[in-house]
Amino acid sequence: MTTSNKTTESITLLTDEQIEERVRKLLYANMIKGESEGFSFHYTRPSPDTYPFQYFWDTCFHVFTLTALGEHEMAKKHMRSLFLMQEEDGFVGHILYWKHSFPARITDIFQLKPKSLLRLTKPHMTALVQPPLVAEAVQRIYTRTKDVAFVKEMLPKLKAYYDWLHRNRDFEGEGLLSIISPYESGMDWKASYDPVLGFRSGVGDWRLFLKVMWLEMKNFGRGYDLQRLYRQDNFIVKDVAFNTIYAQSLQALANLCSVAGDESASIYASRAERTRDSILKYMYHPADKAFYDLAGQRMEQLRICTATIFFPVVLPNVPKQISEAVLQRHLFNPDGFSVPYPIPSLSVHEAAFDAGESVYIWRGPTWVLFNWFMHRYLQQKGYSEEADALLLSVKKMISKSGFREYYNPFTGEGYGAHEFTWSGLVLDMIKGSHHS
């Protein structure tokens with residue numbers, strides 16, 4: 001991998017053993033358990049002060065990190081907690097409020113269904129979803145434990161959840177899920193959404209904030225009626241990362257069905273294949289050699305190079321010539337993602353790029369998530385040197401700046417939340433390297 005090594009500073013790397021010890025300490029320090037209104041919850045806060053609640057895909061990240069630590073029973077507790085408030089139709093919200101019942105930001109109240117305003121002092125969930133990584137998280141627990149009983153326990157919940165997504169978010173029947181708010185992608189202020197929001201100023205500012213808040217208020221005012229929101233088409237986006245994760249998790253769900261002797265395996269395998277085919281058909285741009293998010297009912301490509309332009313290369317039906325073209329163009333050669341500390345969340349060539357600390361995140365800095373997501377694939381496909389480079393970059397950032405929310409792609413300086421658990425995914429990368 002070609003990365004620009006403009007920095008000359010010497011960083012004393014933590015050993016793998018030191019990293020493991022610190023990751024274990026981090027997760028247990030951030031862990032919460034208790035009782036509320038008859039629920040026994042158990043989860044890990046992504047950051048004690050900034051993100052104190054149970055979040056959907058964060059819990060999945062915690063499962064990957066806990067299994068890397070060998071804490072399999074703890075991982076199971078986190079999964080069970082995530083589904084405690086699952087609704088009868090299968091829905092699970094992206095934030096679960098247990099004892100800390102009021103949102104961290106007053107504006108987050110618009111992410112609730114209006115009826116939830118009556119439950120602010122009781123456990124409740126948001127009306128939004130997050131990238132559906134959960135079947136892969138359960139599959140990871142099974143892979144490490146071979147606990148068929150746990151799979152059978154979780155399977156009805158998983159099937160109900162993915163069936164809800166299939167019924168409610170695949171508006172066109174193409175196998176691609178739509179998000180109705182930037183927050184549903186997990187990448188809150190992602191620059192590819194700017195054209196949909198009508199924001200044309202480049203670097204994020206208060207005007208972008210107001211546009212997103214106006215969208216949230218409209219969704220709330222319409223009671224999160226999904227069919228109505230789709231018809232009005234204010235923010236209907238098919239995110240590349242969201243749908244790549246969906247395809248992967250549908251296959252994981254099919255695998256779990258097979259483990260449990262459930263006859264639904266073929267249904268989810270077929271859905272996974274449909275999603276992969278549609279990602280290729282609608283999201284890939286041959287000239288740009290990139291996968292782009294799609295906007296609106298017309299599914300127009302949002303040609304802005306965020307770090308998710310790589311994601312679909314991990315899927316099994318992507319032709320080798322396409323995956324190699326994407327990686328060669330954007331990751332392996334000098335390009336907008338060639339920085340001392342890859343992978344930046346946005347190409348340095350984009351007008352919205354901002355390497356520093358900002359309220360408007362995911363518009364330049366490096367998040368460990370991207371390196372973790374690509375690392376396993378690069379290893380499996382024989383790109384060992386490139387995989388090692390991504391892991392080394394994460395080790396350098398953590399050795400220099402600790403477990404932070406995100407990092408400056410040029411200096412490795414840590415920004416955002418402190419004691420941030422996502423960066424603990426470095427341990428899963430390390431363990432993966434040892435297993436390869």
# chains A, B, ... in the order shown; residues from 1 in each chain; ligands from 1
>>> select_by_dssp(residues="stretch 130-229 of chain A", states="helix (DSSP H, G or I)", output="ChimeraX atom specification")
/A:134-145,148-169,182-185,191-197,206-221,226-229
>>> closest_atom_pairs(of="stretch 374-429 of chain A", to="stretch 48-68 of chain A", cutoff="8 Å", atoms="only C-alpha atoms", output="tab-separated table")
residue	atom	partner	partner_atom	distance
A:Ala417	CA	A:Thr50	CA	6.0
A:Glu419	CA	A:Pro48	CA	7.5
A:Thr421	CA	A:His62	CA	7.4
A:Trp422	CA	A:Phe61	CA	6.7
A:Gly424	CA	A:Thr65	CA	6.5
A:Leu425	CA	A:Thr65	CA	5.6
A:Leu427	CA	A:Ala68	CA	6.4
A:Asp428	CA	A:Ala68	CA	5.3
>>> write_last_selection(atoms="N, CA and C atoms", output="compact mmCIF listing (two decimals), in the first residue's frame")
# COMPACT_ATOMS: atom_id res chain seq x y z
N ALA A 417 -14.31 11.87 21.12
CA ALA A 417 -14.51 11.23 22.41
C ALA A 417 -13.25 10.55 22.92
N GLU A 419 -11.42 7.60 25.51
CA GLU A 419 -11.71 6.22 25.95
C GLU A 419 -12.80 5.60 25.07
N THR A 421 -14.44 3.05 22.54
CA THR A 421 -14.30 1.60 22.40
C THR A 421 -14.09 1.12 20.97
N TRP A 422 -14.59 1.86 19.98
CA TRP A 422 -14.42 1.40 18.60
C TRP A 422 -12.95 1.15 18.28
N GLY A 424 -10.84 -0.06 20.01
CA GLY A 424 -10.45 -1.36 20.53
C GLY A 424 -10.55 -2.46 19.49
N LEU A 425 -11.17 -2.17 18.33
CA LEU A 425 -11.21 -3.15 17.23
C LEU A 425 -9.81 -3.50 16.73
N LEU A 427 -7.65 -4.83 18.39
CA LEU A 427 -7.33 -6.16 18.93
C LEU A 427 -7.87 -7.26 18.03
N ASP A 428 -9.04 -7.05 17.46
CA ASP A 428 -9.59 -8.03 16.52
C ASP A 428 -8.71 -8.12 15.27
>>> closest_residue(among="A:Ile245, A:Ala355, A:Ile267, A:Ile361", to="A:Val313", atoms="only C-alpha atoms")
A:Ile245
>>> select_by_dssp(residues="stretch 50-266 of chain A", states="strand (DSSP E or B)", output="PyMOL selection string")
chain A and resi 51+54-55+95-97+124-125+179+237-238
>>> atom_distance(atom1="atom CA of A:Ile106", atom2="atom CA of A:Leu82")
23.4 Å
>>> residues_around(residues="A:Ala127", least_positions_apart="2", cutoff="8 Å", atoms="only C-alpha atoms", output="PyMOL selection string")
chain A and resi 93-94+111-113+125+129+224
>>> residues_around(residues="A:Ala191", least_positions_apart="6", cutoff="9 Å", atoms="only C-alpha atoms", output="list of chain:residue names")
A:Gly202, A:Val203, A:Gly204, A:Ile304, A:Cys305, A:Thr306, A:Leu346, A:Glu350, A:Ala352, A:Phe353, A:Trp362, A:Arg363
>>> write_last_selection(atoms="N, CA, C and O atoms", output="short mmCIF file (atom, residue, chain, number, x, y, z; two decimals), in the first residue's frame")
data_model
loop_
_atom_site.label_atom_id
_atom_site.label_comp_id
_atom_site.auth_asym_id
_atom_site.auth_seq_id
_atom_site.Cartn_x
_atom_site.Cartn_y
_atom_site.Cartn_z
N GLY A 202 -19.25 22.80 1.05
CA GLY A 202 -17.99 22.10 1.28
C GLY A 202 -17.83 21.69 2.72
O GLY A 202 -18.56 20.83 3.22
N VAL A 203 -16.89 22.31 3.43
CA VAL A 203 -16.62 21.98 4.83
C VAL A 203 -17.88 22.23 5.67
O VAL A 203 -18.56 23.24 5.49
N GLY A 204 -18.18 21.31 6.58
CA GLY A 204 -19.40 21.39 7.38
C GLY A 204 -19.46 22.64 8.24
O GLY A 204 -18.44 23.09 8.78
N ILE A 304 -19.34 11.25 -4.68
CA ILE A 304 -18.43 11.86 -3.71
C ILE A 304 -17.64 10.73 -3.07
O ILE A 304 -18.22 9.75 -2.59
N CYS A 305 -16.33 10.85 -3.07
CA CYS A 305 -15.46 9.74 -2.66
C CYS A 305 -15.25 9.71 -1.15
O CYS A 305 -14.28 10.27 -0.62
N THR A 306 -16.17 9.05 -0.48
CA THR A 306 -15.98 8.75 0.94
C THR A 306 -15.27 7.40 1.04
O THR A 306 -15.13 6.68 0.05
N LEU A 346 -12.81 10.58 4.06
CA LEU A 346 -13.15 11.30 2.83
C LEU A 346 -11.87 11.56 2.05
O LEU A 346 -10.82 11.83 2.63
N GLU A 350 -11.78 16.06 -2.08
CA GLU A 350 -13.16 16.54 -2.00
C GLU A 350 -13.23 17.90 -1.30
O GLU A 350 -12.48 18.16 -0.35
N ALA A 352 -15.33 19.00 0.73
CA ALA A 352 -15.76 18.93 2.13
C ALA A 352 -14.66 18.45 3.06
O ALA A 352 -14.85 18.43 4.29
N PHE A 353 -13.51 18.05 2.54
CA PHE A 353 -12.46 17.44 3.36
C PHE A 353 -11.97 18.40 4.45
O PHE A 353 -11.63 19.55 4.19
N TRP A 362 -16.78 12.50 10.23
CA TRP A 362 -16.78 11.64 9.04
C TRP A 362 -16.52 12.43 7.75
O TRP A 362 -16.90 12.00 6.67
N ARG A 363 -15.82 13.55 7.86
CA ARG A 363 -15.55 14.37 6.68
C ARG A 363 -14.06 14.60 6.50
O ARG A 363 -13.64 15.67 6.08
#
>>> residues_around(residues="stretch 277-283 of chain A", least_positions_apart="3", cutoff="12 Å", atoms="only C-alpha atoms", output="ChimeraX atom specification")
/A:170,172-177,237-247,270-274,286,288-295,298-303,308-319,322-323
>>> write_last_selection(atoms="C-alpha atoms", output="short mmCIF file (atom, residue, chain, number, x, y, z; two decimals), in the first residue's frame")
data_model
loop_
_atom_site.label_atom_id
_atom_site.label_comp_id
_atom_site.auth_asym_id
_atom_site.auth_seq_id
_atom_site.Cartn_x
_atom_site.Cartn_y
_atom_site.Cartn_z
CA ASP A 170 -36.45 -2.20 0.69
CA GLU A 172 -38.25 -0.78 -4.51
CA GLY A 173 -37.89 -4.52 -3.98
CA GLU A 174 -34.35 -4.46 -5.38
CA GLY A 175 -32.70 -5.80 -2.22
CA LEU A 176 -31.24 -2.38 -1.34
CA LEU A 177 -32.21 -0.77 1.97
CA VAL A 237 -30.52 7.25 0.57
CA LYS A 238 -29.09 3.83 -0.15
CA ASP A 239 -25.75 3.90 1.61
CA VAL A 240 -22.94 1.70 0.28
CA ALA A 241 -21.63 0.63 3.69
CA PHE A 242 -25.11 0.01 5.10
CA ASN A 243 -26.03 -2.25 2.18
CA THR A 244 -22.69 -4.04 2.07
CA ILE A 245 -23.10 -4.90 5.75
CA TYR A 246 -26.70 -5.93 5.05
CA ALA A 247 -25.56 -8.36 2.33
CA SER A 270 -31.22 -15.57 -1.77
CA ARG A 271 -31.78 -12.11 -0.30
CA ALA A 272 -28.04 -11.73 0.22
CA GLU A 273 -27.39 -12.57 -3.42
CA ARG A 274 -30.06 -10.12 -4.56
CA PRO A 286 -16.98 1.87 -14.03
CA ASP A 288 -14.57 6.20 -11.46
CA LYS A 289 -13.88 2.63 -10.26
CA ALA A 290 -15.91 3.37 -7.14
CA PHE A 291 -19.14 2.36 -5.41
CA TYR A 292 -21.38 5.32 -4.63
CA ASP A 293 -24.33 5.96 -2.34
CA LEU A 294 -27.66 6.39 -4.15
CA ALA A 295 -30.13 9.26 -3.74
CA ARG A 298 -34.47 7.47 -8.90
CA MET A 299 -31.38 6.01 -7.20
CA GLU A 300 -28.97 8.58 -8.59
CA GLN A 301 -25.30 8.02 -7.76
CA LEU A 302 -23.79 10.49 -5.28
CA ARG A 303 -20.32 10.79 -6.81
CA THR A 308 -17.12 3.52 1.75
CA ILE A 309 -16.35 3.46 -2.00
CA PHE A 310 -14.23 0.38 -1.12
CA PHE A 311 -16.72 -1.57 0.94
CA PRO A 312 -18.46 -3.83 -1.64
CA VAL A 313 -15.17 -5.38 -2.80
CA VAL A 314 -15.51 -7.69 0.22
CA LEU A 315 -18.65 -9.33 -1.21
CA PRO A 316 -18.25 -12.74 -2.87
CA ASN A 317 -19.96 -12.06 -6.20
CA VAL A 318 -17.99 -8.91 -7.05
CA PRO A 319 -15.87 -9.78 -10.12
CA ILE A 322 -13.76 -4.80 -10.37
CA SER A 323 -12.44 -5.33 -6.85
#
>>> residues_around(residues="A:Met154", least_positions_apart="6", cutoff="10 Å", atoms="only C-alpha atoms", output="NGL selection string")
:A and (76 or 79-80 or 83 or 135 or 138 or 148 or 256)
>>> write_last_selection(atoms="all heavy atoms", output="short mmCIF file (atom, residue, chain, number, x, y, z; two decimals), in the first residue's frame")
data_model
loop_
_atom_site.label_atom_id
_atom_site.label_comp_id
_atom_site.auth_asym_id
_atom_site.auth_seq_id
_atom_site.Cartn_x
_atom_site.Cartn_y
_atom_site.Cartn_z
N LYS A 76 -22.20 -12.60 24.72
CA LYS A 76 -23.59 -13.07 24.66
C LYS A 76 -24.51 -12.15 25.46
O LYS A 76 -25.63 -11.83 25.03
CB LYS A 76 -23.68 -14.50 25.21
CG LYS A 76 -22.99 -15.55 24.35
CD LYS A 76 -23.03 -16.90 25.05
CE LYS A 76 -22.19 -17.93 24.34
NZ LYS A 76 -22.13 -19.22 25.07
N MET A 79 -25.38 -9.13 23.43
CA MET A 79 -26.35 -9.43 22.37
C MET A 79 -27.77 -9.56 22.93
O MET A 79 -28.73 -9.05 22.37
CB MET A 79 -25.97 -10.72 21.65
CG MET A 79 -24.96 -10.56 20.54
SD MET A 79 -25.61 -9.67 19.09
CE MET A 79 -24.93 -8.05 19.36
N ARG A 80 -27.88 -10.25 24.05
CA ARG A 80 -29.21 -10.40 24.66
C ARG A 80 -29.79 -9.05 25.06
O ARG A 80 -30.97 -8.77 24.85
CB ARG A 80 -29.10 -11.32 25.89
CG ARG A 80 -28.79 -12.77 25.55
CD ARG A 80 -28.73 -13.64 26.80
NE ARG A 80 -28.46 -15.03 26.48
CZ ARG A 80 -27.37 -15.71 26.85
NH1 ARG A 80 -26.44 -15.10 27.60
NH2 ARG A 80 -27.21 -16.98 26.51
N PHE A 83 -31.48 -6.93 22.29
CA PHE A 83 -32.79 -7.34 21.79
C PHE A 83 -33.88 -7.33 22.86
O PHE A 83 -35.00 -7.75 22.59
CB PHE A 83 -32.70 -8.73 21.15
CG PHE A 83 -32.11 -8.69 19.76
CD1 PHE A 83 -30.74 -8.78 19.56
CD2 PHE A 83 -32.94 -8.54 18.66
CE1 PHE A 83 -30.20 -8.73 18.29
CE2 PHE A 83 -32.42 -8.50 17.38
CZ PHE A 83 -31.04 -8.59 17.19
N ALA A 135 -26.18 -9.94 12.72
CA ALA A 135 -26.08 -11.37 12.41
C ALA A 135 -24.62 -11.80 12.32
O ALA A 135 -24.26 -12.91 12.73
CB ALA A 135 -26.81 -11.69 11.10
N VAL A 138 -23.39 -12.27 15.90
CA VAL A 138 -23.81 -13.55 16.47
C VAL A 138 -23.03 -14.70 15.83
O VAL A 138 -22.63 -15.65 16.51
CB VAL A 138 -25.33 -13.74 16.31
CG1 VAL A 138 -25.75 -15.15 16.74
CG2 VAL A 138 -26.09 -12.70 17.13
N VAL A 148 -24.45 -23.92 19.80
CA VAL A 148 -25.66 -24.02 18.97
C VAL A 148 -26.88 -23.53 19.74
O VAL A 148 -27.79 -22.92 19.17
CB VAL A 148 -25.86 -25.46 18.48
CG1 VAL A 148 -27.16 -25.58 17.66
CG2 VAL A 148 -24.67 -25.92 17.64
N LEU A 256 -26.34 -19.15 10.02
CA LEU A 256 -26.86 -19.46 11.36
C LEU A 256 -28.10 -20.34 11.28
O LEU A 256 -28.29 -21.23 12.11
CB LEU A 256 -27.17 -18.16 12.11
CG LEU A 256 -25.96 -17.29 12.49
CD1 LEU A 256 -26.41 -15.93 13.01
CD2 LEU A 256 -25.09 -17.99 13.52
#
>>> closest_residue(among="A:Ser345, A:Gly90, A:Ile95, A:Thr12", to="A:Arg45", atoms="only C-alpha atoms")
A:Ile95
>>> residues_around(residues="A:Leu229", least_positions_apart="6", cutoff="12 Å", atoms="only C-alpha atoms", output="list in words")
Asn168, Arg169, Phe171, Ser178, Ile179, Ile180, Ser181, Leu215, Glu216, Lys218, Asn219, Phe220, Gly221, Arg222, Gly223, Phe235, Ile236, Val237, Gly296 and Gln297 of chain A
